[in-house]
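Here the structure comes first, spelled out in structure tokens, and everything after it is commentary.
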Amino acid sequence: MPTSNQLIRHGREEKRRTDRTRALEKCPQKQEYACVFRRGKPKKPNSALRKIAKVRFSNRHDIFAYIPGEGHNLQEHSIVLVRGGRVKDLPGVKSHCIRGVRDLLGIPDRRRGRSKYGAERPK
């Protein structure tokens with residue numbers, strides 16, 4: 001515990017917050033390639049198999065990115081566009097892949113929330 005004189009001389013140091021999306025380097029999105037695909041289990045009250053991809057960045061960061069929607073067509077070394085945004089019930093997953101851009105196709109026959117999943121307007 002510091003004395004009052006030490007606090008007057010030095011003050012208290014503010015705690016630095018770590019950046020969740022430091023792999024993106026302050027960019028809104030980054031294009032990189034996915035190297036591994038997994039299925040993760042969510043935290044306690046939920047139960048499912050969520051699809052996640054391990055993405056290797058050119059700045060030597062490896063992150064896990066969530067693949068939204070039903071099914072995907074990605075294989076090893078597919079190029080994906082990654083944005084920030086965590087998945088609340090998957091620990092350690094702090095970014096999303098963007099559907100309908102590069103190698104990750106949009107979801108066909110999707111009618112609601114189409115812009116989030118890269119789906120085209122139905123005829």
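Please note that chains go A, B, ... in the order of the structure tokens, that every chain numbers its residues from 1, and that ligands are numbered from 1 in the order shown.
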(request) Select from chain A everything DSSP, run on the backbone, classes as strand (DSSP E or B), then give the selection as a PyMOL selection string. (result) chain A and resi 29-40+50-56+62-66+78-84+95-97+101+104
(message) Can you tell me which residues surround Arg38 in chain A at a distance of at most 9 Å, considering only C-alpha atoms, apart from same-chain residues fewer than 4 positions away, and format the answer as number ranges by chain?
(response) A: 50-54
(request) Work out how far apart CA of Leu24 in chain A and CA of Ile79 in chain A are and give it in Å to one decimal. (result)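 Going from CA of Leu24 in chain A over to CA of Ile79 in chain A, I get 15.3 Å.
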(message) If we count only C-alpha atoms and set the cut-off at 10 Å, which residues sit around Gly69 in chain A, ignoring sequence neighbours fewer than 4 positions away in its own chain? Please answer as number ranges by chain.
(response) A: 50-51, 99, 106-107, 110, 116-117
Env of Asp89 in chain A: 10 Å cut, atoms = only C-alpha atoms, seq-sep filter 5 positions within chain, self excluded. Answer as an mmCIF file with N, CA, C and O atoms, in the first residue's frame.
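Saved result, selection25.cif, follows:
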data_model
loop_
_atom_site.group_PDB
_atom_site.id
_atom_site.type_symbol
_atom_site.label_atom_id
_atom_site.label_comp_id
_atom_site.auth_asym_id
_atom_site.auth_seq_id
_atom_site.Cartn_x
_atom_site.Cartn_y
_atom_site.Cartn_z
ATOM 1 N N GLY A 40 -16.945 -25.860 -32.533
ATOM 2 C CA GLY A 40 -16.802 -25.557 -31.112
ATOM 3 C C GLY A 40 -18.115 -25.709 -30.380
ATOM 4 O O GLY A 40 -19.181 -25.503 -30.951
ATOM 5 N N LYS A 41 -18.024 -26.087 -29.123
ATOM 6 C CA LYS A 41 -19.228 -26.198 -28.305
ATOM 7 C C LYS A 41 -19.401 -24.913 -27.496
ATOM 8 O O LYS A 41 -18.431 -24.406 -26.925
ATOM 9 N N PRO A 42 -20.620 -24.382 -27.433
ATOM 10 C CA PRO A 42 -20.842 -23.137 -26.691
ATOM 11 C C PRO A 42 -20.852 -23.329 -25.183
ATOM 12 O O PRO A 42 -20.830 -24.463 -24.682
ATOM 13 N N LYS A 43 -20.891 -22.199 -24.472
ATOM 14 C CA LYS A 43 -20.879 -22.225 -23.010
ATOM 15 C C LYS A 43 -22.191 -22.755 -22.457
ATOM 16 O O LYS A 43 -23.147 -22.985 -23.182
ATOM 17 N N LYS A 44 -22.279 -22.822 -21.149
ATOM 18 C CA LYS A 44 -23.187 -23.706 -20.436
ATOM 19 C C LYS A 44 -24.652 -23.799 -20.878
ATOM 20 O O LYS A 44 -25.016 -24.857 -21.321
ATOM 21 N N PRO A 45 -25.518 -22.820 -20.817
ATOM 22 C CA PRO A 45 -26.914 -23.212 -21.066
ATOM 23 C C PRO A 45 -27.191 -23.613 -22.513
ATOM 24 O O PRO A 45 -28.166 -24.286 -22.791
ATOM 25 N N ASN A 46 -26.308 -23.228 -23.448
ATOM 26 C CA ASN A 46 -26.546 -23.529 -24.862
ATOM 27 C C ASN A 46 -25.868 -24.829 -25.280
ATOM 28 O O ASN A 46 -24.887 -25.249 -24.686
ATOM 29 N N SER A 47 -26.409 -25.412 -26.356
ATOM 30 C CA SER A 47 -25.844 -26.662 -26.850
ATOM 31 C C SER A 47 -25.954 -26.677 -28.374
ATOM 32 O O SER A 47 -27.044 -26.550 -28.920
ATOM 33 N N ARG A 50 -20.907 -25.119 -33.178
ATOM 34 C CA ARG A 50 -20.670 -23.881 -33.919
ATOM 35 C C ARG A 50 -19.432 -24.041 -34.802
ATOM 36 O O ARG A 50 -18.426 -24.595 -34.368
#
Would you give me, as CSV, each residue of range 34-76 of chain A having an atom within 12 Å of an atom of range 1-23 of chain A, along with its shortest atom pair and that distance in Å to one decimal, using only C-alpha atoms and sorting by chain and residue number?
residue,atom,partner,partner_atom,distance
A:Val55,CA,A:Ala23,CA,10.2
A:Arg56,CA,A:Ala23,CA,9.6
A:Phe57,CA,A:Ala23,CA,7.4
A:Ser58,CA,A:Ala23,CA,9.5
A:Asn59,CA,A:Ala23,CA,7.5
A:Arg60,CA,A:Ala23,CA,8.5
A:His61,CA,A:Ala23,CA,5.8
A:Asp62,CA,A:Ala23,CA,7.9
A:Ile63,CA,A:Ala23,CA,7.6
A:Phe64,CA,A:Ala23,CA,10.7
A:Ala65,CA,A:Thr21,CA,11.0
Residues as selected, all heavy atoms, written as an mmCIF file, in the first residue's frame, can you do that?
data_model
loop_
_atom_site.group_PDB
_atom_site.id
_atom_site.type_symbol
_atom_site.label_atom_id
_atom_site.label_comp_id
_atom_site.auth_asym_id
_atom_site.auth_seq_id
_atom_site.Cartn_x
_atom_site.Cartn_y
_atom_site.Cartn_z
ATOM 1 N N VAL A 55 -7.781 -18.615 -38.621
ATOM 2 C CA VAL A 55 -7.340 -17.747 -39.703
ATOM 3 C C VAL A 55 -5.928 -17.276 -39.403
ATOM 4 O O VAL A 55 -5.641 -16.799 -38.302
ATOM 5 C CB VAL A 55 -8.295 -16.545 -39.859
ATOM 6 C CG1 VAL A 55 -7.834 -15.634 -40.984
ATOM 7 C CG2 VAL A 55 -9.707 -17.020 -40.109
ATOM 8 N N ARG A 56 -5.036 -17.415 -40.394
ATOM 9 C CA ARG A 56 -3.653 -16.978 -40.233
ATOM 10 C C ARG A 56 -3.468 -15.655 -40.965
ATOM 11 O O ARG A 56 -3.703 -15.548 -42.161
ATOM 12 C CB ARG A 56 -2.702 -18.023 -40.789
ATOM 13 C CG ARG A 56 -1.248 -17.593 -40.706
ATOM 14 C CD ARG A 56 -0.332 -18.787 -40.639
ATOM 15 N NE ARG A 56 -0.533 -19.534 -39.402
ATOM 16 C CZ ARG A 56 -0.344 -20.841 -39.297
ATOM 17 N NH1 ARG A 56 0.021 -21.543 -40.329
ATOM 18 N NH2 ARG A 56 -0.526 -21.447 -38.136
ATOM 19 N N PHE A 57 -3.062 -14.623 -40.205
ATOM 20 C CA PHE A 57 -2.868 -13.294 -40.769
ATOM 21 C C PHE A 57 -1.436 -13.133 -41.253
ATOM 22 O O PHE A 57 -0.521 -13.824 -40.810
ATOM 23 C CB PHE A 57 -3.157 -12.231 -39.706
ATOM 24 C CG PHE A 57 -4.624 -12.013 -39.473
ATOM 25 C CD1 PHE A 57 -5.330 -12.841 -38.628
ATOM 26 C CD2 PHE A 57 -5.287 -10.981 -40.092
ATOM 27 C CE1 PHE A 57 -6.679 -12.649 -38.403
ATOM 28 C CE2 PHE A 57 -6.619 -10.772 -39.874
ATOM 29 C CZ PHE A 57 -7.327 -11.609 -39.037
ATOM 30 N N SER A 58 -1.244 -12.172 -42.171
ATOM 31 C CA SER A 58 0.100 -11.913 -42.682
ATOM 32 C C SER A 58 0.976 -11.236 -41.630
ATOM 33 O O SER A 58 2.190 -11.214 -41.760
ATOM 34 C CB SER A 58 0.031 -11.046 -43.933
ATOM 35 O OG SER A 58 -0.675 -9.865 -43.660
ATOM 36 N N ASN A 59 0.346 -10.676 -40.576
ATOM 37 C CA ASN A 59 1.136 -10.077 -39.488
ATOM 38 C C ASN A 59 1.444 -11.092 -38.383
ATOM 39 O O ASN A 59 1.692 -10.724 -37.243
ATOM 40 C CB ASN A 59 0.415 -8.860 -38.917
ATOM 41 C CG ASN A 59 -0.980 -9.177 -38.423
ATOM 42 O OD1 ASN A 59 -1.326 -10.333 -38.229
ATOM 43 N ND2 ASN A 59 -1.786 -8.167 -38.217
ATOM 44 N N ARG A 60 1.397 -12.378 -38.737
ATOM 45 C CA ARG A 60 1.766 -13.501 -37.856
ATOM 46 C C ARG A 60 0.819 -13.701 -36.678
ATOM 47 O O ARG A 60 1.204 -14.266 -35.668
ATOM 48 C CB ARG A 60 3.190 -13.349 -37.347
ATOM 49 C CG ARG A 60 4.212 -13.402 -38.457
ATOM 50 C CD ARG A 60 5.586 -13.563 -37.901
ATOM 51 N NE ARG A 60 6.563 -13.556 -38.978
ATOM 52 C CZ ARG A 60 7.744 -12.988 -38.887
ATOM 53 N NH1 ARG A 60 8.094 -12.371 -37.783
ATOM 54 N NH2 ARG A 60 8.580 -13.032 -39.884
ATOM 55 N N HIS A 61 -0.408 -13.240 -36.793
ATOM 56 C CA HIS A 61 -1.418 -13.526 -35.775
ATOM 57 C C HIS A 61 -2.259 -14.705 -36.244
ATOM 58 O O HIS A 61 -2.607 -14.795 -37.419
ATOM 59 C CB HIS A 61 -2.331 -12.317 -35.562
ATOM 60 C CG HIS A 61 -1.726 -11.242 -34.735
ATOM 61 N ND1 HIS A 61 -1.719 -11.256 -33.366
ATOM 62 C CD2 HIS A 61 -1.102 -10.094 -35.080
ATOM 63 C CE1 HIS A 61 -1.128 -10.175 -32.902
ATOM 64 N NE2 HIS A 61 -0.734 -9.445 -33.928
ATOM 65 N N ASP A 62 -2.598 -15.591 -35.325
ATOM 66 C CA ASP A 62 -3.546 -16.670 -35.591
ATOM 67 C C ASP A 62 -4.762 -16.435 -34.712
ATOM 68 O O ASP A 62 -4.630 -16.325 -33.491
ATOM 69 C CB ASP A 62 -2.941 -18.038 -35.254
ATOM 70 C CG ASP A 62 -2.057 -18.562 -36.357
ATOM 71 O OD1 ASP A 62 -1.849 -17.832 -37.329
ATOM 72 O OD2 ASP A 62 -1.579 -19.702 -36.240
ATOM 73 N N ILE A 63 -5.948 -16.357 -35.323
ATOM 74 C CA ILE A 63 -7.157 -16.136 -34.540
ATOM 75 C C ILE A 63 -8.217 -17.142 -34.959
ATOM 76 O O ILE A 63 -8.124 -17.751 -36.024
ATOM 77 C CB ILE A 63 -7.714 -14.701 -34.720
ATOM 78 C CG1 ILE A 63 -8.072 -14.453 -36.181
ATOM 79 C CG2 ILE A 63 -6.761 -13.668 -34.213
ATOM 80 C CD1 ILE A 63 -8.995 -13.299 -36.368
ATOM 81 N N PHE A 64 -9.215 -17.296 -34.108
ATOM 82 C CA PHE A 64 -10.387 -18.093 -34.452
ATOM 83 C C PHE A 64 -11.496 -17.144 -34.864
ATOM 84 O O PHE A 64 -11.788 -16.175 -34.166
ATOM 85 C CB PHE A 64 -10.836 -18.945 -33.269
ATOM 86 C CG PHE A 64 -9.939 -20.118 -33.009
ATOM 87 C CD1 PHE A 64 -9.097 -20.140 -31.917
ATOM 88 C CD2 PHE A 64 -9.934 -21.193 -33.873
ATOM 89 C CE1 PHE A 64 -8.260 -21.212 -31.685
ATOM 90 C CE2 PHE A 64 -9.093 -22.275 -33.652
ATOM 91 C CZ PHE A 64 -8.263 -22.284 -32.553
ATOM 92 N N ALA A 65 -12.116 -17.407 -36.011
ATOM 93 C CA ALA A 65 -13.203 -16.576 -36.525
ATOM 94 C C ALA A 65 -14.434 -17.446 -36.706
ATOM 95 O O ALA A 65 -14.347 -18.588 -37.187
ATOM 96 C CB ALA A 65 -12.811 -15.933 -37.841
#
